[in-house]
Amino acid sequence: MTEQLEAGTVTQQVKENGALGAPGGEVGKARRRKEDARLVTGRTQWTDNIQLPGLLHVAFLRSPMAHARITRVDTSPARTRPGVVAVFSGQDFAGEQGSLPCAWPVTPDTVIPDHPPMAVSEVRYVGEAVACVIATDRYKAADALEAIEIDYEPLEPVLDMNEALAEGSPKVHETGNESFTWKFAGGDIEAAFREAPVVIDRTYVQQRLIPSAMEPRAVVAQTDGDSFTLHTSTQIPHVLRVMLALTTGIPEHKLRVIAPDVGGGFGSKLQVTAEEVLCLLITRRLGKPVKWTEARSEGNLTVHHGRDQIQHIRVAADADGRVRGVQVKLLADMGAYLMLVTPGVPILGAFMYNGIYKMDAYDFTCTGVFTTKMPTDAYRGAGRPEATFAIERVMDELAAEIGVDPMEIRRRNWIRHHEFPYTTICGLTYDSGNYEAATDRALALFGYDKLRAEQSDRREREDPVQLGIGISTYTEMCGLAPSRVLGSLSYAAGGWEHADVRVLPTGKVEVVTGTSPHGQGHETAWSQIVADSLGVPFEDVAVLHGDTASSHKGMDTYGSRSLAVGGIAVVHACDKVKEKARQVAAHLMEASPDDVEFSEGRFRVRGTGTSQTIQEIALATFAAHNLPDGFEPRLDASATFDPESFSFPHGTHLCAVEVDTETGATAIRSYVAVDDVGNVVNPLIVEGQVHGGIAQGIAQALFEEAVYDSDGNLLTTTMADYLLPSAADLPSFTTDRTETPATTNPLGVKGVGEAGTIASTPAVVNAIVDALRPHGVHDVRMPCTPERVWRTLRSVEGESA
Amino acid sequence: MARISVEVDGIAYEDEVEPRLLLVHYLRDRLGKTGTPIGCDTTNCGACTVLLDGRSVKSCSVLAVQVDGCDITTIEGVSSDGVWHPVQKAFHEEHALQCGYCTPGMVLASIDLLKDDPDPSEEAVRQGLEGNLCRCTGYCNIVRAVRRAAQEMRVTTP
Ligand code: FES
Ligand code: FES
């Protein structure tokens, strides 16, 4: 293994010249973002900024009980409070509010309980909306909430998944506490475990997380009496429009949904929320515009949570560590209801527990369990971080069991470079990858051998501060998703994406995308793609998104899909534009279209000096004086792209931690990430996504946990209790890339939004366990707080004594 | 109701405010200065940071009545004559923002930090921005941006 290269020199691996297109091309360039101008000057359009004449403010009264019957509601005392326009309880909406949708019943018999946006007769988690006040300003609305009288008859909370499934448990819903059991298998799992020389059996807990986008949710709903406009802080304006139409009965063509500037999502704004439905119903009832803005403490209670799974994983291996089979039994906490994709989240992970490894057999069972807690749903990575955590943790355990270096155990099992395309035991075909290259690069940057030497030295000296090295060699499936695959998994919709490219008379270009960025920089990246494809200046491209009136068709942004699906739709639309322009150019230059070549924005007649720019063609098409017979006078084109397969980014993350065995405190000493996300459109944006992803994954490993007490009250309702890392809590990361192009799309791109989060959590926990393994520790439950580490150490010491 | 007079981004305002009105709501809802966002209700996130008489404060932790007679700078008043402040420029250059929700607070907190320490180490920047949370960037590029701005400001203001 190679020695440490100078770290820091590679942290800025940004190319100033294009890599994909012609030299000087836009794709591959570290373009600074177009989005920044308004964001760094405060000229933003967050939903809460919106002021309208006569705007009313909505405040929600929320259940203080985890589980209770509502026995009496009296809203009248609140009605007479100053500034109060209306007060409603669940009963008032009962006839029209419908049920919040779940689009992913993973099995035919999945139990989907009725989910009223406002509770009518029973509450099932603390924070569930039970009434609302509409008033002339936000303070008055909040004031009047206290005057609403509600009586509850307490019911037993259901908080622990194992207890929830036990006989005699109190029930969250009358139908019981199990939502579904979903199974998947490949190969002969019994054969794999039969007489296996090595069997590792572990249980890992994925704690409950709060996604915590920095912008709290906000909704503004208005109507002209006929049609409705909803501004909302969402990742999914298009999906939301369909779902709200189906839920409220407002016809789809009478409903416009706008996602203005959206301050982060991480899956939490991939949702159809109670507040969105209720604000629409309130504006329909009152005929006045209404706004609701979430307080953070309200959001911690009621923005869907993430993770919360108990993973039982067994691995059968040969004596040399070759993996024979993996068996997973998963309990996934649904919370009190199924929201948009709640049941699908653990199922997305089902195809990833094999990671980058070859094996003979795989067996997966997942049971979705109801509890009286906030529903869970997509949170950055959605199912795949959990799977990656389990397999990467257990590979370390396997290495320890047979006594080899954890990197060696991975090398013995991973798919080799020459074996791609490789169809995994889960039936997915990984199109490309080079685990050796990414790993070698990471080891070199990290100085792996040197750190191992220091580790053994510290172990020998019995240094109270032990060094641990954590590895995570991950892959993930991105680019959600081939519609047929989604269909086969019982998802209600497809996974295509749409783009329109409009060429204006002056040759400027508008791109309408169905993706809905909220920090990802699509305005910049899509401009780079179009600039290269059409040969127009980067500055001449505008990207429109996030408003169903201008962008009528889309599947929005989540699952690292925007570039690998939405970006390809843009490429295809540009191809159609060029084809049309070629017809016009040929006509104007009196040549056969076959003799006309296009490059760098210019159509040339082969073998002559004659040429026309795309801008000249645009103007000629606009004038339409002299076009080919029958030619429709427009260059505009649309494309809807449905991928045939997922894309599979991968990488090697290495983390070195120092763990103080006396205090339990962990400090990250260095973190190296080498990711292979295929070709890169904008290395600056890619690096930013990796940084943010790593930070969120580290946060799961070390800091964050949503905690409920034994009555079902959330204890971590504020940012003082739920520990989001600050700059002072995190180190700098050394990042680099290898580039193995995807073979399944014309850009060769794979997706990067979730990679860091997926990779980093097991890297950190593996490092902590590695530091403590000589003490007899083989797991620390997340988050690995000083107290947890300390208690783990004391308990193993107790055992050995 | 209390009467306050306050200068915000170079403009003088006189207003009657409820004693309990938070400065951040006064800025956003009354003055329409929506460049300053709100990220929490427990003064933890720093998204609402403004300069009050030149020093950074979380405007959700101050009442409007407390700023009577004060001078406030928000993100909207940081550029002069359309020229971005070096910190704004550095955030753009270093890709120190993604969704941008934390950015106004980060920029103003950084400006204040650089007043006290014109050449901060990485560690000093990390400690100095501890009260400002960002969920998108992992902070690496924010730290780079602040140090880049520091360098530029040292060059331009000898
Ligand atoms: S809004 Fe969070 S600190 Fe002010
Ligand atoms: S850029 Fe999104 S919170 Fe900082």
# chains A, B, ... in the order shown; residues from 1 in each chain; ligands from 1
call {"tool": "residues_near_ligand", "arguments": {"ligand": "ligand 1", "cutoff": "9 Å", "atoms": "only C-alpha atoms and all ligand atoms", "output": "list in words"}}
result
Arg296 and Met719 of chain A; Val24, Pro37, Ile38, Gly39, Cys40, Asp41, Thr42, Thr43, Asn44, Cys45, Gly46, Ala47, Cys48, Thr49, Val57, Lys58, Ser59, Cys60, Ser61, Gly105, Gly131, Asn132 and Leu133 of chain B
call {"tool": "residues_around", "arguments": {"residues": "stretch 652-659 of chain A", "least_positions_apart": "2", "cutoff": "8 Å", "atoms": "only C-alpha atoms", "output": "ChimeraX atom specification"}}
result
/A:435,438-439,442-443,446,465-474,650,661,664-675,759-760,763-764,767-768,771-772
call {"tool": "closest_residue", "arguments": {"among": "A:Asp318, A:Asp363, A:Asp500, A:Glu35", "to": "chain B", "atoms": "only C-alpha atoms"}}
result
A:Glu35
call {"tool": "residues_near_ligand", "arguments": {"ligand": "ligand 2", "cutoff": "10 Å", "atoms": "only C-alpha atoms and all ligand atoms", "output": "compact mmCIF listing (two decimals) with N, CA, C and O atoms, in the first residue's frame"}}
result
# COMPACT_ATOMS: atom_id res chain seq x y z
N LEU A 39 -28.78 34.47 -3.78
CA LEU A 39 -28.68 33.88 -2.44
C LEU A 39 -27.68 34.61 -1.54
O LEU A 39 -27.89 34.71 -0.34
N SER A 212 -33.94 17.88 9.26
CA SER A 212 -33.42 19.21 9.61
C SER A 212 -32.89 20.05 8.45
O SER A 212 -31.79 20.62 8.55
N ALA A 213 -33.65 20.16 7.38
CA ALA A 213 -33.31 21.17 6.38
C ALA A 213 -33.36 22.52 7.07
O ALA A 213 -34.18 22.75 7.95
N MET A 214 -32.47 23.43 6.69
CA MET A 214 -32.40 24.69 7.44
C MET A 214 -33.63 25.57 7.24
O MET A 214 -33.98 26.34 8.12
N GLU A 215 -34.25 25.47 6.09
CA GLU A 215 -35.49 26.25 5.94
C GLU A 215 -36.65 25.45 6.51
O GLU A 215 -36.97 24.36 6.00
N VAL A 262 -36.08 26.95 -2.20
CA VAL A 262 -36.32 25.96 -1.17
C VAL A 262 -35.00 25.70 -0.44
O VAL A 262 -34.00 25.36 -1.07
N GLY A 263 -35.05 25.87 0.87
CA GLY A 263 -33.82 25.82 1.66
C GLY A 263 -33.46 24.44 2.17
O GLY A 263 -33.49 24.16 3.36
N GLY A 264 -33.14 23.57 1.24
CA GLY A 264 -32.72 22.21 1.60
C GLY A 264 -33.92 21.30 1.76
O GLY A 264 -35.05 21.73 1.97
N GLY A 265 -33.66 20.01 1.60
CA GLY A 265 -34.75 19.03 1.71
C GLY A 265 -34.26 17.74 2.33
O GLY A 265 -34.75 17.29 3.34
N HIS A 518 -33.11 22.35 -4.88
CA HIS A 518 -33.23 23.12 -3.64
C HIS A 518 -31.85 23.18 -3.00
O HIS A 518 -31.68 22.84 -1.84
N GLY A 519 -30.88 23.57 -3.83
CA GLY A 519 -29.50 23.68 -3.37
C GLY A 519 -28.50 22.96 -4.27
O GLY A 519 -27.30 23.12 -4.13
N GLN A 520 -29.02 22.17 -5.22
CA GLN A 520 -28.14 21.31 -6.03
C GLN A 520 -27.51 22.02 -7.23
O GLN A 520 -26.66 21.44 -7.90
N GLY A 688 -19.05 19.74 -3.40
CA GLY A 688 -19.95 20.27 -2.37
C GLY A 688 -20.95 19.24 -1.90
O GLY A 688 -21.23 19.11 -0.70
N GLY A 692 -21.19 17.82 2.00
CA GLY A 692 -22.41 17.88 2.79
C GLY A 692 -22.91 16.50 3.17
O GLY A 692 -23.41 16.28 4.28
N GLY B 39 -34.47 30.23 11.00
CA GLY B 39 -34.26 28.78 10.92
C GLY B 39 -34.66 28.02 12.16
O GLY B 39 -34.69 26.79 12.15
N CYS B 45 -29.59 28.48 15.46
CA CYS B 45 -29.13 28.21 14.09
C CYS B 45 -28.33 29.34 13.46
O CYS B 45 -27.54 29.11 12.56
N ALA B 47 -29.30 31.58 11.41
CA ALA B 47 -29.75 32.00 10.08
C ALA B 47 -30.15 33.48 10.07
O ALA B 47 -30.03 34.17 9.06
N HIS B 95 -17.82 28.20 -3.53
CA HIS B 95 -19.01 27.34 -3.47
C HIS B 95 -19.35 27.02 -2.02
O HIS B 95 -19.51 25.85 -1.63
N ALA B 96 -19.48 28.08 -1.23
CA ALA B 96 -19.72 27.92 0.20
C ALA B 96 -21.21 27.94 0.53
O ALA B 96 -21.59 28.14 1.68
N LEU B 97 -22.04 27.79 -0.49
CA LEU B 97 -23.48 27.71 -0.23
C LEU B 97 -24.10 26.74 -1.22
O LEU B 97 -23.64 26.59 -2.34
N GLN B 98 -25.12 26.06 -0.75
CA GLN B 98 -25.91 25.20 -1.64
C GLN B 98 -27.33 25.75 -1.69
O GLN B 98 -27.68 26.51 -2.58
N CYS B 99 -28.14 25.42 -0.70
CA CYS B 99 -29.49 25.99 -0.71
C CYS B 99 -29.47 27.47 -0.38
O CYS B 99 -30.37 28.21 -0.75
N GLY B 100 -28.45 27.92 0.34
CA GLY B 100 -28.29 29.34 0.62
C GLY B 100 -29.10 29.85 1.80
O GLY B 100 -29.08 31.04 2.08
N TYR B 101 -29.77 28.97 2.51
CA TYR B 101 -30.63 29.45 3.60
C TYR B 101 -29.79 29.98 4.77
O TYR B 101 -30.16 30.96 5.41
N CYS B 102 -28.67 29.33 5.02
CA CYS B 102 -27.82 29.78 6.13
C CYS B 102 -26.93 30.94 5.73
O CYS B 102 -26.26 31.53 6.57
N THR B 103 -26.87 31.24 4.42
CA THR B 103 -25.83 32.13 3.90
C THR B 103 -25.89 33.55 4.45
O THR B 103 -24.84 34.09 4.85
N PRO B 104 -27.06 34.20 4.53
CA PRO B 104 -27.05 35.56 5.08
C PRO B 104 -26.44 35.59 6.48
O PRO B 104 -25.60 36.46 6.78
N GLY B 105 -26.82 34.64 7.30
CA GLY B 105 -26.28 34.60 8.66
C GLY B 105 -24.80 34.30 8.67
O GLY B 105 -24.02 34.90 9.42
N MET B 106 -24.39 33.37 7.82
CA MET B 106 -22.97 33.01 7.75
C MET B 106 -22.14 34.22 7.31
O MET B 106 -21.05 34.47 7.83
N ASN B 132 -23.58 29.24 13.94
CA ASN B 132 -24.30 29.28 12.66
C ASN B 132 -24.30 27.89 12.04
O ASN B 132 -23.25 27.35 11.72
N LEU B 133 -25.48 27.34 11.89
CA LEU B 133 -25.57 25.97 11.37
C LEU B 133 -25.84 25.97 9.88
O LEU B 133 -26.59 26.79 9.37
N CYS B 134 -25.20 25.02 9.20
CA CYS B 134 -25.46 24.79 7.79
C CYS B 134 -25.70 23.30 7.61
O CYS B 134 -24.93 22.49 8.11
N ARG B 135 -26.77 22.93 6.94
CA ARG B 135 -27.07 21.53 6.76
C ARG B 135 -26.56 21.01 5.42
O ARG B 135 -26.57 19.80 5.19
N CYS B 136 -26.15 21.90 4.52
CA CYS B 136 -25.83 21.47 3.16
C CYS B 136 -24.34 21.25 2.89
O CYS B 136 -23.98 20.33 2.18
N THR B 137 -23.49 22.13 3.38
CA THR B 137 -22.14 22.20 2.83
C THR B 137 -21.10 21.37 3.58
O THR B 137 -19.99 21.19 3.06
N GLY B 138 -21.40 20.94 4.80
CA GLY B 138 -20.36 20.28 5.59
C GLY B 138 -19.27 21.24 6.04
O GLY B 138 -18.26 20.82 6.57
N TYR B 139 -19.47 22.52 5.80
CA TYR B 139 -18.64 23.64 6.29
C TYR B 139 -17.27 23.79 5.63
O TYR B 139 -16.64 24.83 5.79
N ILE B 142 -17.18 26.75 3.45
CA ILE B 142 -17.43 27.98 4.21
C ILE B 142 -16.13 28.44 4.88
O ILE B 142 -15.76 29.61 4.83
call {"tool": "select_by_dssp", "arguments": {"residues": "chain B", "states": "alpha helix (DSSP H)", "output": "compact mmCIF listing (two decimals) with N, CA, C and O atoms, in the first residue's frame"}}
result
# COMPACT_ATOMS: atom_id res chain seq x y z
N LEU B 23 -37.07 41.26 16.68
CA LEU B 23 -36.42 42.05 15.64
C LEU B 23 -36.54 41.37 14.28
O LEU B 23 -36.82 42.01 13.27
N VAL B 24 -36.36 40.06 14.25
CA VAL B 24 -36.37 39.39 12.95
C VAL B 24 -37.75 39.49 12.29
O VAL B 24 -37.86 39.65 11.08
N HIS B 25 -38.80 39.45 13.10
CA HIS B 25 -40.13 39.60 12.51
C HIS B 25 -40.38 41.05 12.10
O HIS B 25 -41.06 41.31 11.10
N PRO B 86 -16.38 41.45 0.07
CA PRO B 86 -15.44 40.34 -0.17
C PRO B 86 -15.93 39.00 0.40
O PRO B 86 -15.62 37.94 -0.17
N VAL B 87 -16.67 39.05 1.49
CA VAL B 87 -17.17 37.78 2.05
C VAL B 87 -18.23 37.18 1.11
O VAL B 87 -18.24 35.97 0.86
N GLN B 88 -19.10 38.00 0.59
CA GLN B 88 -20.10 37.49 -0.37
C GLN B 88 -19.39 36.89 -1.59
O GLN B 88 -19.75 35.81 -2.06
N LYS B 89 -18.40 37.62 -2.07
CA LYS B 89 -17.67 37.15 -3.25
C LYS B 89 -17.00 35.82 -2.97
O LYS B 89 -17.03 34.90 -3.79
N ALA B 90 -16.38 35.74 -1.81
CA ALA B 90 -15.65 34.51 -1.47
C ALA B 90 -16.60 33.33 -1.31
O ALA B 90 -16.28 32.20 -1.70
N PHE B 91 -17.78 33.57 -0.76
CA PHE B 91 -18.76 32.47 -0.64
C PHE B 91 -19.13 31.95 -2.03
O PHE B 91 -19.26 30.75 -2.25
N HIS B 92 -19.28 32.87 -2.97
CA HIS B 92 -19.59 32.47 -4.35
C HIS B 92 -18.40 31.72 -4.96
O HIS B 92 -18.57 30.63 -5.51
N GLU B 93 -17.23 32.27 -4.84
CA GLU B 93 -16.05 31.67 -5.47
C GLU B 93 -15.75 30.28 -4.92
O GLU B 93 -15.35 29.38 -5.65
N THR B 103 -26.87 31.24 4.42
CA THR B 103 -25.83 32.13 3.90
C THR B 103 -25.89 33.55 4.45
O THR B 103 -24.84 34.09 4.85
N PRO B 104 -27.06 34.20 4.53
CA PRO B 104 -27.05 35.56 5.08
C PRO B 104 -26.44 35.59 6.48
O PRO B 104 -25.60 36.46 6.78
N GLY B 105 -26.82 34.64 7.30
CA GLY B 105 -26.28 34.60 8.66
C GLY B 105 -24.80 34.30 8.67
O GLY B 105 -24.02 34.90 9.42
N MET B 106 -24.39 33.37 7.82
CA MET B 106 -22.97 33.01 7.75
C MET B 106 -22.14 34.22 7.31
O MET B 106 -21.05 34.47 7.83
N VAL B 107 -22.64 34.93 6.31
CA VAL B 107 -21.89 36.07 5.77
C VAL B 107 -21.73 37.13 6.86
O VAL B 107 -20.63 37.64 7.10
N LEU B 108 -22.82 37.45 7.56
CA LEU B 108 -22.73 38.51 8.57
C LEU B 108 -21.90 38.07 9.77
O LEU B 108 -21.11 38.85 10.30
N ALA B 109 -22.03 36.83 10.18
CA ALA B 109 -21.21 36.34 11.28
C ALA B 109 -19.73 36.36 10.87
O ALA B 109 -18.85 36.68 11.68
N SER B 110 -19.46 36.04 9.61
CA SER B 110 -18.07 36.04 9.13
C SER B 110 -17.50 37.45 9.10
O SER B 110 -16.33 37.67 9.44
N ILE B 111 -18.32 38.41 8.68
CA ILE B 111 -17.84 39.79 8.64
C ILE B 111 -17.44 40.23 10.05
O ILE B 111 -16.39 40.83 10.26
N ASP B 112 -18.26 39.87 11.02
CA ASP B 112 -17.95 40.24 12.40
C ASP B 112 -16.69 39.53 12.89
O ASP B 112 -15.81 40.12 13.51
N LEU B 113 -16.59 38.25 12.54
CA LEU B 113 -15.42 37.47 12.95
C LEU B 113 -14.13 38.08 12.40
O LEU B 113 -13.12 38.18 13.10
N LEU B 114 -14.19 38.52 11.15
CA LEU B 114 -12.98 39.06 10.53
C LEU B 114 -12.61 40.42 11.11
O LEU B 114 -11.47 40.85 10.99
N LYS B 115 -13.56 41.08 11.73
CA LYS B 115 -13.23 42.34 12.41
C LYS B 115 -12.29 42.08 13.58
O LYS B 115 -11.35 42.82 13.83
N ASP B 116 -12.57 41.00 14.31
CA ASP B 116 -11.75 40.69 15.48
C ASP B 116 -10.47 39.98 15.09
O ASP B 116 -9.46 40.10 15.78
N GLU B 122 -7.90 28.05 10.32
CA GLU B 122 -9.07 27.21 10.06
C GLU B 122 -9.84 26.98 11.36
O GLU B 122 -11.06 27.10 11.43
N GLU B 123 -9.08 26.66 12.41
CA GLU B 123 -9.70 26.38 13.70
C GLU B 123 -10.49 27.59 14.22
O GLU B 123 -11.61 27.46 14.72
N ALA B 124 -9.90 28.78 14.04
CA ALA B 124 -10.55 29.99 14.53
C ALA B 124 -11.85 30.25 13.77
O ALA B 124 -12.85 30.68 14.35
N VAL B 125 -11.85 29.96 12.47
CA VAL B 125 -13.09 30.14 11.72
C VAL B 125 -14.13 29.15 12.21
O VAL B 125 -15.29 29.51 12.44
N ARG B 126 -13.70 27.91 12.40
CA ARG B 126 -14.66 26.90 12.84
C ARG B 126 -15.26 27.27 14.21
O ARG B 126 -16.46 27.17 14.41
N GLN B 127 -14.41 27.70 15.12
CA GLN B 127 -14.93 28.10 16.43
C GLN B 127 -15.79 29.35 16.31
O GLN B 127 -16.85 29.45 16.93
N GLY B 128 -15.33 30.29 15.48
CA GLY B 128 -16.03 31.57 15.36
C GLY B 128 -17.42 31.44 14.77
O GLY B 128 -18.30 32.26 15.05
N CYS B 140 -16.76 22.78 4.92
CA CYS B 140 -15.40 22.89 4.37
C CYS B 140 -15.25 24.16 3.53
O CYS B 140 -14.30 24.92 3.69
N ASN B 141 -16.21 24.34 2.62
CA ASN B 141 -16.08 25.48 1.71
C ASN B 141 -16.39 26.80 2.40
O ASN B 141 -15.92 27.85 1.97
N ILE B 142 -17.18 26.75 3.45
CA ILE B 142 -17.43 27.98 4.21
C ILE B 142 -16.13 28.44 4.88
O ILE B 142 -15.76 29.61 4.83
N VAL B 143 -15.42 27.48 5.45
CA VAL B 143 -14.15 27.82 6.09
C VAL B 143 -13.18 28.40 5.05
O VAL B 143 -12.54 29.42 5.26
N ARG B 144 -13.11 27.75 3.91
CA ARG B 144 -12.24 28.26 2.83
C ARG B 144 -12.64 29.67 2.43
O ARG B 144 -11.79 30.53 2.20
N ALA B 145 -13.95 29.89 2.32
CA ALA B 145 -14.43 31.19 1.86
C ALA B 145 -14.06 32.28 2.84
O ALA B 145 -13.61 33.36 2.44
N VAL B 146 -14.22 32.01 4.11
CA VAL B 146 -13.92 33.05 5.10
C VAL B 146 -12.44 33.39 5.07
O VAL B 146 -12.04 34.56 5.12
N ARG B 147 -11.62 32.37 4.92
CA ARG B 147 -10.18 32.64 4.90
C ARG B 147 -9.77 33.34 3.60
O ARG B 147 -8.88 34.18 3.59
N ARG B 148 -10.45 33.01 2.53
CA ARG B 148 -10.18 33.70 1.26
C ARG B 148 -10.56 35.17 1.36
O ARG B 148 -9.83 36.06 0.92
N ALA B 149 -11.74 35.42 1.95
CA ALA B 149 -12.18 36.81 2.12
C ALA B 149 -11.21 37.57 3.01
O ALA B 149 -10.88 38.73 2.73
N ALA B 150 -10.73 36.90 4.05
CA ALA B 150 -9.79 37.55 4.96
C ALA B 150 -8.56 38.01 4.19
O ALA B 150 -8.09 39.14 4.35
N GLN B 151 -8.10 37.12 3.35
CA GLN B 151 -6.91 37.44 2.58
C GLN B 151 -7.17 38.64 1.67
O GLN B 151 -6.40 39.59 1.63
N GLU B 152 -8.31 38.61 1.00
CA GLU B 152 -8.61 39.70 0.09
C GLU B 152 -8.77 41.01 0.84
O GLU B 152 -8.32 42.07 0.40
N MET B 153 -9.40 40.95 2.01
CA MET B 153 -9.61 42.17 2.77
C MET B 153 -8.29 42.73 3.31
O MET B 153 -8.12 43.93 3.40
N ARG B 154 -7.36 41.83 3.63
CA ARG B 154 -6.05 42.31 4.09
C ARG B 154 -5.31 43.01 2.97
O ARG B 154 -4.64 44.01 3.17
N VAL B 155 -5.49 42.49 1.74
CA VAL B 155 -4.82 43.09 0.60
C VAL B 155 -5.43 44.45 0.27
O VAL B 155 -4.72 45.42 0.03
N THR B 156 -6.76 44.52 0.31
CA THR B 156 -7.40 45.76 -0.15
C THR B 156 -7.46 46.83 0.94
O THR B 156 -7.51 47.99 0.64
call {"tool": "residues_around", "arguments": {"residues": "stretch 118-122 of chain A", "least_positions_apart": "6", "cutoff": "8 Å", "atoms": "only C-alpha atoms", "output": "ChimeraX atom specification"}}
result
/A:67-71,89-91,93-94,97,128-131,274,278
call {"tool": "atom_distance", "arguments": {"atom1": "atom CA of A:Arg208", "atom2": "atom CA of A:Met782"}}
result
9.9 Å
call {"tool": "residues_around", "arguments": {"residues": "A:Gln327", "least_positions_apart": "5", "cutoff": "10 Å", "atoms": "only C-alpha atoms", "output": "VMD selection string"}}
result
chain A and resid 185 189 to 190 192 to 193 201 312 to 316 353 to 354 361 to 365
call {"tool": "write_last_selection", "arguments": {"atoms": "C-alpha atoms", "output": "short mmCIF file (atom, residue, chain, number, x, y, z; two decimals), in the first residue's frame"}}
result
data_model
loop_
_atom_site.label_atom_id
_atom_site.label_comp_id
_atom_site.auth_asym_id
_atom_site.auth_seq_id
_atom_site.Cartn_x
_atom_site.Cartn_y
_atom_site.Cartn_z
CA ALA A 185 -34.10 -13.76 -2.11
CA ILE A 189 -29.35 -19.26 1.38
CA GLU A 190 -29.61 -22.53 3.26
CA ALA A 192 -24.68 -20.94 1.90
CA PHE A 193 -25.04 -21.30 5.68
CA ASP A 201 -24.40 -12.69 13.47
CA HIS A 312 -30.33 -8.34 12.08
CA ILE A 313 -27.64 -9.45 9.67
CA ARG A 314 -25.96 -12.82 9.33
CA VAL A 315 -23.04 -13.61 7.08
CA ALA A 316 -21.78 -17.05 6.12
CA TYR A 353 -27.02 -5.28 1.48
CA ASN A 354 -24.69 -7.18 -0.81
CA ALA A 361 -26.93 -16.33 -1.84
CA TYR A 362 -28.91 -13.53 -0.28
CA ASP A 363 -32.07 -13.49 1.73
CA PHE A 364 -33.96 -10.42 2.93
CA THR A 365 -37.07 -9.97 5.00
#
call {"tool": "select_by_dssp", "arguments": {"residues": "stretch 596-798 of chain A", "states": "strand (DSSP E or B)", "output": "VMD selection string"}}
result
chain A and resid 596 to 599 602 to 605 611 to 613 637 to 641 647 650 to 660 666 to 676 678 708 714 734 to 737 749
call {"tool": "residues_around", "arguments": {"residues": "A:Val219", "least_positions_apart": "6", "cutoff": "10 Å", "atoms": "only C-alpha atoms", "output": "number ranges by chain"}}
result
A: 47-48, 50, 58, 230-234, 258-259, 275-280, 290-294
